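Shown below: run-v6.txt, with compact mmCIF, C-alpha atoms.
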# COMPACT_ATOMS: atom_id res chain seq x y z
CA MET A 12 -85.97 -281.31 -7.91
CA ILE A 13 -86.40 -282.42 -11.54
CA ASP A 14 -89.40 -284.73 -11.83
CA HIS A 15 -89.08 -285.55 -15.52
CA LEU A 16 -87.79 -284.22 -18.84
CA GLY A 17 -89.36 -284.55 -22.28
CA LEU A 18 -87.38 -284.25 -25.52
CA GLN A 19 -88.93 -284.17 -28.98
CA SER A 20 -87.47 -286.24 -31.78
CA ALA A 21 -88.27 -287.05 -35.41
CA ASP A 22 -87.98 -290.72 -34.43
CA PRO A 23 -88.79 -291.07 -30.72
CA ALA A 24 -88.50 -294.87 -30.82
CA ALA A 25 -84.97 -294.62 -32.19
CA ALA A 26 -84.10 -291.95 -29.63
CA ALA A 27 -85.34 -294.13 -26.77
CA ALA A 28 -83.49 -297.16 -28.16
CA PHE A 29 -80.32 -295.05 -28.30
CA TYR A 30 -80.59 -294.01 -24.65
CA GLU A 31 -81.44 -297.56 -23.60
CA ARG A 32 -78.50 -299.08 -25.47
CA VAL A 33 -75.84 -296.52 -24.58
CA PHE A 34 -76.89 -295.96 -20.96
CA GLU A 35 -77.67 -299.59 -20.13
CA PRO A 36 -74.66 -299.59 -17.75
CA CYS A 37 -76.50 -296.86 -15.80
CA GLY A 38 -79.61 -299.01 -15.57
CA VAL A 39 -81.61 -297.02 -18.16
CA ARG A 40 -84.55 -298.94 -19.60
CA GLU A 41 -87.96 -298.35 -21.21
CA MET A 42 -90.73 -298.25 -18.62
CA MET A 43 -93.75 -296.85 -20.46
CA ARG A 44 -94.86 -296.43 -24.05
CA HIS A 45 -97.99 -294.68 -25.35
CA ASP A 46 -98.72 -294.92 -29.05
CA THR A 47 -100.04 -291.78 -30.74
CA PRO A 48 -100.91 -291.07 -34.40
CA HIS A 49 -97.60 -289.21 -34.73
CA GLY A 50 -95.43 -291.84 -33.09
CA PRO A 51 -94.76 -293.29 -29.67
CA VAL A 52 -94.24 -291.39 -26.44
CA ILE A 53 -91.69 -293.39 -24.46
CA GLY A 54 -90.68 -293.06 -20.82
CA LEU A 55 -87.22 -294.23 -19.77
CA ALA A 56 -86.28 -294.93 -16.18
CA GLY A 57 -83.10 -295.56 -14.26
CA PRO A 58 -82.61 -298.01 -11.39
CA ALA A 59 -85.28 -296.25 -9.28
CA GLY A 60 -87.95 -297.19 -11.84
CA GLN A 61 -89.49 -293.74 -12.26
CA PRO A 62 -89.81 -292.78 -15.96
CA GLN A 63 -87.81 -289.56 -15.82
CA LEU A 64 -86.68 -289.10 -19.42
CA TRP A 65 -89.34 -289.05 -22.16
CA THR A 66 -89.00 -289.04 -25.92
CA SER A 67 -91.94 -287.93 -28.05
CA PRO A 68 -92.70 -287.00 -31.68
CA LEU A 69 -92.06 -283.52 -33.04
CA GLU A 70 -94.86 -281.05 -32.42
CA GLY A 71 -94.01 -279.31 -35.67
CA PRO A 72 -91.23 -278.84 -38.22
CA GLY A 73 -89.58 -275.93 -36.39
CA ASP A 74 -88.38 -275.62 -32.83
CA ARG A 75 -88.29 -278.52 -30.40
CA PRO A 76 -89.47 -277.19 -27.06
CA VAL A 77 -88.07 -278.91 -23.98
CA HIS A 78 -90.66 -280.14 -21.50
CA LEU A 79 -89.26 -279.76 -17.97
CA ALA A 80 -91.21 -280.78 -14.86
CA LEU A 81 -90.07 -279.94 -11.34
CA ALA A 82 -91.15 -281.86 -8.27
CA ALA A 83 -93.64 -280.20 -5.93
CA PRO A 84 -94.12 -281.17 -2.28
CA SER A 85 -97.89 -280.61 -2.30
CA ARG A 86 -100.90 -279.48 -4.29
CA ASP A 87 -100.75 -276.17 -2.39
CA ALA A 88 -97.22 -275.66 -3.69
CA VAL A 89 -98.44 -276.18 -7.25
CA ASP A 90 -101.18 -273.61 -6.73
CA ALA A 91 -98.61 -271.18 -5.30
CA VAL A 92 -96.39 -271.64 -8.37
CA PHE A 93 -99.29 -270.83 -10.70
CA ALA A 94 -100.14 -267.78 -8.59
CA ALA A 95 -96.54 -266.49 -8.72
CA MET B 18 -81.76 -291.16 -13.28
CA ILE B 19 -81.30 -287.50 -14.31
CA ASP B 20 -78.31 -286.02 -12.51
CA HIS B 21 -78.61 -282.46 -13.80
CA LEU B 22 -79.88 -280.37 -16.70
CA GLY B 23 -78.29 -277.28 -18.26
CA LEU B 24 -80.26 -274.71 -20.26
CA GLN B 25 -78.70 -271.84 -22.18
CA SER B 26 -80.15 -268.36 -21.95
CA ALA B 27 -79.33 -264.87 -23.21
CA ASP B 28 -79.63 -263.71 -19.58
CA PRO B 29 -78.85 -266.67 -17.30
CA ALA B 30 -79.13 -264.54 -14.15
CA ALA B 31 -82.67 -263.52 -15.11
CA ALA B 32 -83.55 -267.10 -15.99
CA ALA B 33 -82.32 -268.34 -12.61
CA ALA B 34 -84.16 -265.54 -10.82
CA PHE B 35 -87.33 -266.53 -12.68
CA TYR B 36 -87.08 -270.18 -11.58
CA GLU B 37 -86.22 -269.16 -8.04
CA ARG B 38 -89.15 -266.76 -7.76
CA VAL B 39 -91.82 -268.88 -9.46
CA PHE B 40 -90.79 -272.24 -7.98
CA GLU B 41 -90.01 -270.98 -4.47
CA PRO B 42 -93.04 -272.99 -3.22
CA CYS B 43 -91.21 -276.11 -4.45
CA GLY B 44 -88.10 -275.16 -2.51
CA VAL B 45 -86.10 -274.04 -5.56
CA ARG B 46 -83.14 -271.82 -4.68
CA GLU B 47 -79.74 -270.78 -6.03
CA MET B 48 -76.99 -273.03 -4.73
CA MET B 49 -73.95 -272.24 -6.88
CA ARG B 50 -72.81 -269.44 -9.17
CA HIS B 51 -69.69 -269.30 -11.34
CA ASP B 52 -68.94 -266.05 -13.12
CA THR B 53 -67.61 -266.31 -16.67
CA PRO B 54 -66.71 -263.61 -19.21
CA HIS B 55 -70.01 -264.31 -20.99
CA GLY B 56 -72.22 -264.29 -17.89
CA PRO B 57 -72.90 -266.37 -14.83
CA VAL B 58 -73.43 -270.13 -14.70
CA ILE B 59 -75.99 -270.72 -11.96
CA GLY B 60 -77.00 -273.97 -10.29
CA LEU B 61 -80.48 -274.21 -8.76
CA ALA B 62 -81.45 -276.86 -6.24
CA GLY B 63 -84.64 -278.12 -4.69
CA PRO B 64 -85.16 -279.22 -1.09
CA ALA B 65 -82.50 -281.96 -1.44
CA GLY B 66 -79.82 -279.30 -1.99
CA GLN B 67 -78.27 -280.81 -5.13
CA PRO B 68 -77.93 -278.21 -7.91
CA GLN B 69 -79.91 -280.04 -10.58
CA LEU B 70 -81.00 -277.24 -12.90
CA TRP B 71 -78.35 -274.98 -14.40
CA THR B 72 -78.65 -271.81 -16.43
CA SER B 73 -75.70 -270.62 -18.49
CA PRO B 74 -74.92 -268.06 -21.22
CA LEU B 75 -75.54 -268.78 -24.90
CA GLU B 76 -72.73 -270.64 -26.63
CA GLY B 77 -73.58 -268.83 -29.85
CA PRO B 78 -76.33 -266.92 -31.65
CA GLY B 79 -77.97 -270.05 -33.11
CA ASP B 80 -79.19 -273.22 -31.46
CA ARG B 81 -79.30 -273.68 -27.72
CA PRO B 82 -78.14 -277.22 -27.04
CA VAL B 83 -79.56 -278.87 -23.93
CA HIS B 84 -76.97 -280.31 -21.55
CA LEU B 85 -78.39 -283.48 -19.98
CA ALA B 86 -76.46 -285.58 -17.45
CA LEU B 87 -77.63 -288.99 -16.26
CA ALA B 88 -76.57 -290.55 -12.99
CA ALA B 89 -74.10 -293.42 -13.11
CA PRO B 90 -73.62 -295.99 -10.35
CA SER B 91 -69.86 -296.26 -10.80
CA ARG B 92 -66.83 -295.20 -12.78
CA ASP B 93 -66.96 -298.56 -14.55
CA ALA B 94 -70.50 -297.77 -15.71
CA VAL B 95 -69.27 -294.48 -17.18
CA ASP B 96 -66.51 -296.31 -19.04
CA ALA B 97 -69.08 -298.81 -20.35
CA VAL B 98 -71.29 -295.96 -21.62
CA PHE B 99 -68.39 -294.44 -23.54
CA ALA B 100 -67.53 -297.85 -24.98
CA ALA B 101 -71.14 -298.47 -26.15

Structure encoded using structure tokens:
Amino acid sequence: MIDHLGLQSADPAAAAAFYERVFEPCGVREMMRHDTPHGPVIGLAGPAGQPQLWTSPLEGPGDRPVHLALAAPSRDAVDAVFAA
Amino acid sequence: MIDHLGLQSADPAAAAAFYERVFEPCGVREMMRHDTPHGPVIGLAGPAGQPQLWTSPLEGPGDRPVHLALAAPSRDAVDAVFAA
């Protein structure tokens, strides 16, 4: 159901390193990293290899919106969600 | 990798109804509901039937902490995470 989740952090590299170190027994490891002017965007995966948990730089000094993506079975389903 | 995600809301029933209505094309539906004195705790599932997205009442008037649970392959792995 949940495709991936993105969390903002003042130090996304440190956040990813934290998840990787603490959840290593669950097979969590860095799978992707995109550098941006504000810091890296890092995708962590479990044993299945899909980067499902992402850390990224803060968008601003205030709130930290959560980015939540749900899995869709088809392009038609995506269109139906946007039409809802 | 992600087992389930919990989001707090001032009106968790309305939040769950929103996800169910908008993401119906993705097979999202209510699977579990626990009533509490502060409002319902509702588990939404996709086609696989596992309640992976939860809405619950606010813990307080301030921040809304995100509850994120990762999948573990064994009890030993959980113990190793807590020891890390």

(message) If I take atom CA of Pro51 of chain A and atom CA of Glu70 of chain A, how far is one from the other in Å, to one decimal?
(response) 12.5 Å

(message) So, with all atoms listed in the file as the atoms that count, which of B:Leu75, B:Ala62, B:Met49, B:Ala34 lies closest to chain A?
(response)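 Result for the nearest residue to chain A: B:Ala62.
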
Given identical sequences, can you show me chain B least-squares superposed on chain A via all its Cα atoms in order, as a PDB file with C-alpha atoms, keeping the file's coordinate frame?
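This went into result_2.pdb:
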ATOM      1  CA  MET B  18     -85.957-281.302  -7.894  1.00  0.00           C
ATOM      2  CA  ILE B  19     -86.403-282.399 -11.537  1.00  0.00           C
ATOM      3  CA  ASP B  20     -89.398-284.704 -11.832  1.00  0.00           C
ATOM      4  CA  HIS B  21     -89.082-285.531 -15.526  1.00  0.00           C
ATOM      5  CA  LEU B  22     -87.792-284.212 -18.840  1.00  0.00           C
ATOM      6  CA  GLY B  23     -89.366-284.553 -22.292  1.00  0.00           C
ATOM      7  CA  LEU B  24     -87.379-284.254 -25.525  1.00  0.00           C
ATOM      8  CA  GLN B  25     -88.922-284.173 -28.985  1.00  0.00           C
ATOM      9  CA  SER B  26     -87.464-286.242 -31.788  1.00  0.00           C
ATOM     10  CA  ALA B  27     -88.269-287.054 -35.413  1.00  0.00           C
ATOM     11  CA  ASP B  28     -87.984-290.739 -34.438  1.00  0.00           C
ATOM     12  CA  PRO B  29     -88.783-291.068 -30.720  1.00  0.00           C
ATOM     13  CA  ALA B  30     -88.514-294.870 -30.822  1.00  0.00           C
ATOM     14  CA  ALA B  31     -84.967-294.619 -32.180  1.00  0.00           C
ATOM     15  CA  ALA B  32     -84.091-291.955 -29.630  1.00  0.00           C
ATOM     16  CA  ALA B  33     -85.342-294.135 -26.774  1.00  0.00           C
ATOM     17  CA  ALA B  34     -83.504-297.155 -28.164  1.00  0.00           C
ATOM     18  CA  PHE B  35     -80.327-295.064 -28.313  1.00  0.00           C
ATOM     19  CA  TYR B  36     -80.592-294.028 -24.645  1.00  0.00           C
ATOM     20  CA  GLU B  37     -81.467-297.559 -23.607  1.00  0.00           C
ATOM     21  CA  ARG B  38     -78.533-299.094 -25.466  1.00  0.00           C
ATOM     22  CA  VAL B  39     -75.859-296.529 -24.579  1.00  0.00           C
ATOM     23  CA  PHE B  40     -76.906-295.968 -20.955  1.00  0.00           C
ATOM     24  CA  GLU B  41     -77.700-299.602 -20.134  1.00  0.00           C
ATOM     25  CA  PRO B  42     -74.682-299.585 -17.753  1.00  0.00           C
ATOM     26  CA  CYS B  43     -76.514-296.865 -15.792  1.00  0.00           C
ATOM     27  CA  GLY B  44     -79.631-299.002 -15.566  1.00  0.00           C
ATOM     28  CA  VAL B  45     -81.613-297.027 -18.159  1.00  0.00           C
ATOM     29  CA  ARG B  46     -84.571-298.954 -19.573  1.00  0.00           C
ATOM     30  CA  GLU B  47     -87.962-298.364 -21.192  1.00  0.00           C
ATOM     31  CA  MET B  48     -90.724-298.243 -18.610  1.00  0.00           C
ATOM     32  CA  MET B  49     -93.751-296.846 -20.446  1.00  0.00           C
ATOM     33  CA  ARG B  50     -94.872-296.417 -24.044  1.00  0.00           C
ATOM     34  CA  HIS B  51     -97.981-294.653 -25.344  1.00  0.00           C
ATOM     35  CA  ASP B  52     -98.713-294.897 -29.045  1.00  0.00           C
ATOM     36  CA  THR B  53    -100.026-291.760 -30.740  1.00  0.00           C
ATOM     37  CA  PRO B  54    -100.906-291.067 -34.387  1.00  0.00           C
ATOM     38  CA  HIS B  55     -97.598-289.199 -34.737  1.00  0.00           C
ATOM     39  CA  GLY B  56     -95.404-291.831 -33.077  1.00  0.00           C
ATOM     40  CA  PRO B  57     -94.745-293.295 -29.675  1.00  0.00           C
ATOM     41  CA  VAL B  58     -94.226-291.385 -26.432  1.00  0.00           C
ATOM     42  CA  ILE B  59     -91.681-293.385 -24.449  1.00  0.00           C
ATOM     43  CA  GLY B  60     -90.688-293.049 -20.806  1.00  0.00           C
ATOM     44  CA  LEU B  61     -87.217-294.221 -19.764  1.00  0.00           C
ATOM     45  CA  ALA B  62     -86.266-294.924 -16.170  1.00  0.00           C
ATOM     46  CA  GLY B  63     -83.088-295.563 -14.259  1.00  0.00           C
ATOM     47  CA  PRO B  64     -82.589-298.009 -11.393  1.00  0.00           C
ATOM     48  CA  ALA B  65     -85.254-296.233  -9.284  1.00  0.00           C
ATOM     49  CA  GLY B  66     -87.924-297.191 -11.836  1.00  0.00           C
ATOM     50  CA  GLN B  67     -89.462-293.727 -12.258  1.00  0.00           C
ATOM     51  CA  PRO B  68     -89.781-292.780 -15.947  1.00  0.00           C
ATOM     52  CA  GLN B  69     -87.792-289.550 -15.829  1.00  0.00           C
ATOM     53  CA  LEU B  70     -86.683-289.103 -19.432  1.00  0.00           C
ATOM     54  CA  TRP B  71     -89.320-289.045 -22.157  1.00  0.00           C
ATOM     55  CA  THR B  72     -89.001-289.038 -25.919  1.00  0.00           C
ATOM     56  CA  SER B  73     -91.938-287.932 -28.045  1.00  0.00           C
ATOM     57  CA  PRO B  74     -92.697-287.004 -31.675  1.00  0.00           C
ATOM     58  CA  LEU B  75     -92.060-283.516 -33.043  1.00  0.00           C
ATOM     59  CA  GLU B  76     -94.866-281.049 -32.418  1.00  0.00           C
ATOM     60  CA  GLY B  77     -93.995-279.309 -35.671  1.00  0.00           C
ATOM     61  CA  PRO B  78     -91.231-278.826 -38.236  1.00  0.00           C
ATOM     62  CA  GLY B  79     -89.591-275.917 -36.373  1.00  0.00           C
ATOM     63  CA  ASP B  80     -88.388-275.608 -32.807  1.00  0.00           C
ATOM     64  CA  ARG B  81     -88.298-278.515 -30.408  1.00  0.00           C
ATOM     65  CA  PRO B  82     -89.471-277.182 -27.063  1.00  0.00           C
ATOM     66  CA  VAL B  83     -88.071-278.921 -23.993  1.00  0.00           C
ATOM     67  CA  HIS B  84     -90.677-280.147 -21.512  1.00  0.00           C
ATOM     68  CA  LEU B  85     -89.273-279.771 -17.989  1.00  0.00           C
ATOM     69  CA  ALA B  86     -91.221-280.769 -14.867  1.00  0.00           C
ATOM     70  CA  LEU B  87     -90.066-279.943 -11.346  1.00  0.00           C
ATOM     71  CA  ALA B  88     -91.147-281.859  -8.278  1.00  0.00           C
ATOM     72  CA  ALA B  89     -93.624-280.208  -5.935  1.00  0.00           C
ATOM     73  CA  PRO B  90     -94.125-281.152  -2.287  1.00  0.00           C
ATOM     74  CA  SER B  91     -97.883-280.617  -2.319  1.00  0.00           C
ATOM     75  CA  ARG B  92    -100.900-279.508  -4.293  1.00  0.00           C
ATOM     76  CA  ASP B  93    -100.770-276.210  -2.410  1.00  0.00           C
ATOM     77  CA  ALA B  94     -97.222-275.666  -3.682  1.00  0.00           C
ATOM     78  CA  VAL B  95     -98.436-276.192  -7.253  1.00  0.00           C
ATOM     79  CA  ASP B  96    -101.191-273.632  -6.723  1.00  0.00           C
ATOM     80  CA  ALA B  97     -98.621-271.191  -5.307  1.00  0.00           C
ATOM     81  CA  VAL B  98     -96.397-271.658  -8.382  1.00  0.00           C
ATOM     82  CA  PHE B  99     -99.283-270.848 -10.710  1.00  0.00           C
ATOM     83  CA  ALA B 100    -100.145-267.798  -8.612  1.00  0.00           C
ATOM     84  CA  ALA B 101     -96.530-266.489  -8.701  1.00  0.00           C
TER      85      ALA B 101
END

(message) Can you measure atom CA of Gly66 of chain B to atom CA of Glu47 of chain B for me? One decimal in Å is fine.
(response)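 A separation of 9.4 Å between them.
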
Go through chain A and flag each residue having an atom no more than 10 Å from chain B; for those, report the closest pair of atoms plus their distance in Å to one decimal, using all atoms listed in the file, ordered by chain and rising number, as CSV.
residue,atom,partner,partner_atom,distance
A:Met12,CA,B:Gly63,CA,4.7
A:Ile13,CA,B:Gln69,CA,7.0
A:Asp14,CA,B:Ile19,CA,8.9
A:His15,CA,B:Ile19,CA,8.1
A:Leu16,CA,B:Ile19,CA,8.6
A:Leu18,CA,B:Val83,CA,9.6
A:Tyr30,CA,B:Val98,CA,10.0
A:Arg32,CA,B:Ala101,CA,7.4
A:Val33,CA,B:Ala101,CA,5.3
A:Phe34,CA,B:Val98,CA,5.6
A:Glu35,CA,B:Val98,CA,7.5
A:Pro36,CA,B:Ala94,CA,5.0
A:Cys37,CA,B:Ala89,CA,5.0
A:Gly38,CA,B:Ala89,CA,8.2
A:Val39,CA,B:Met18,CA,7.6
A:Leu55,CA,B:Met18,CA,9.0
A:Ala56,CA,B:Met18,CA,6.6
A:Gly57,CA,B:Met18,CA,4.7
A:Pro58,CA,B:Met18,CA,7.2
A:Ala59,CA,B:Met18,CA,7.4
A:Gly60,CA,B:Met18,CA,8.8
A:Gln61,CA,B:Met18,CA,8.2
A:Pro62,CA,B:Met18,CA,8.6
A:Gln63,CA,B:Met18,CA,6.8
A:Leu64,CA,B:Ile19,CA,7.6
A:Asp74,CA,B:Asp80,CA,9.6
A:Val77,CA,B:Val83,CA,8.5
A:Leu79,CA,B:Leu22,CA,9.5
A:Leu81,CA,B:Cys43,CA,8.0
A:Ala82,CA,B:Cys43,CA,6.9
A:Ala83,CA,B:Cys43,CA,5.0
A:Pro84,CA,B:Cys43,CA,6.2
A:Ser85,CA,B:Cys43,CA,8.3
A:Asp87,CA,B:Pro42,CA,8.4
A:Ala88,CA,B:Pro42,CA,5.0
A:Val89,CA,B:Pro42,CA,7.5
A:Asp90,CA,B:Pro42,CA,8.9
A:Ala91,CA,B:Pro42,CA,6.2
A:Val92,CA,B:Val39,CA,5.4
A:Phe93,CA,B:Val39,CA,7.8
A:Ala94,CA,B:Val39,CA,8.4
A:Ala95,CA,B:Val39,CA,5.3

(message) Using Å and a single decimal, report how far atom CA of Ser26 of chain B sits from atom CA of Arg81 of chain B.
(response) 7.9 Å

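Of the listed residues (B:Asp28, B:Trp71, B:Gly23, B:His84), B:Asp28 comes nearest to His55 of chain B; the distances count only C-alpha atoms.
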
I'd like the box whose edges run along x, y and z of the file and which contains every listed atom of segment 56-70 of chain B, padded by 8 Å per side; could you state its centre and edge lengths in Å, one decimal, as JSON?
{"center_x": -78.7, "center_y": -273.1, "center_z": -9.5, "size_x": 28.9, "size_y": 33.7, "size_z": 32.8}

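Restricting the calculation to all atoms listed in the file, the smallest distance between Thr72 of chain B and any of B:Pro29, B:Arg46, B:Arg92, B:Pro54 is found for B:Pro29.
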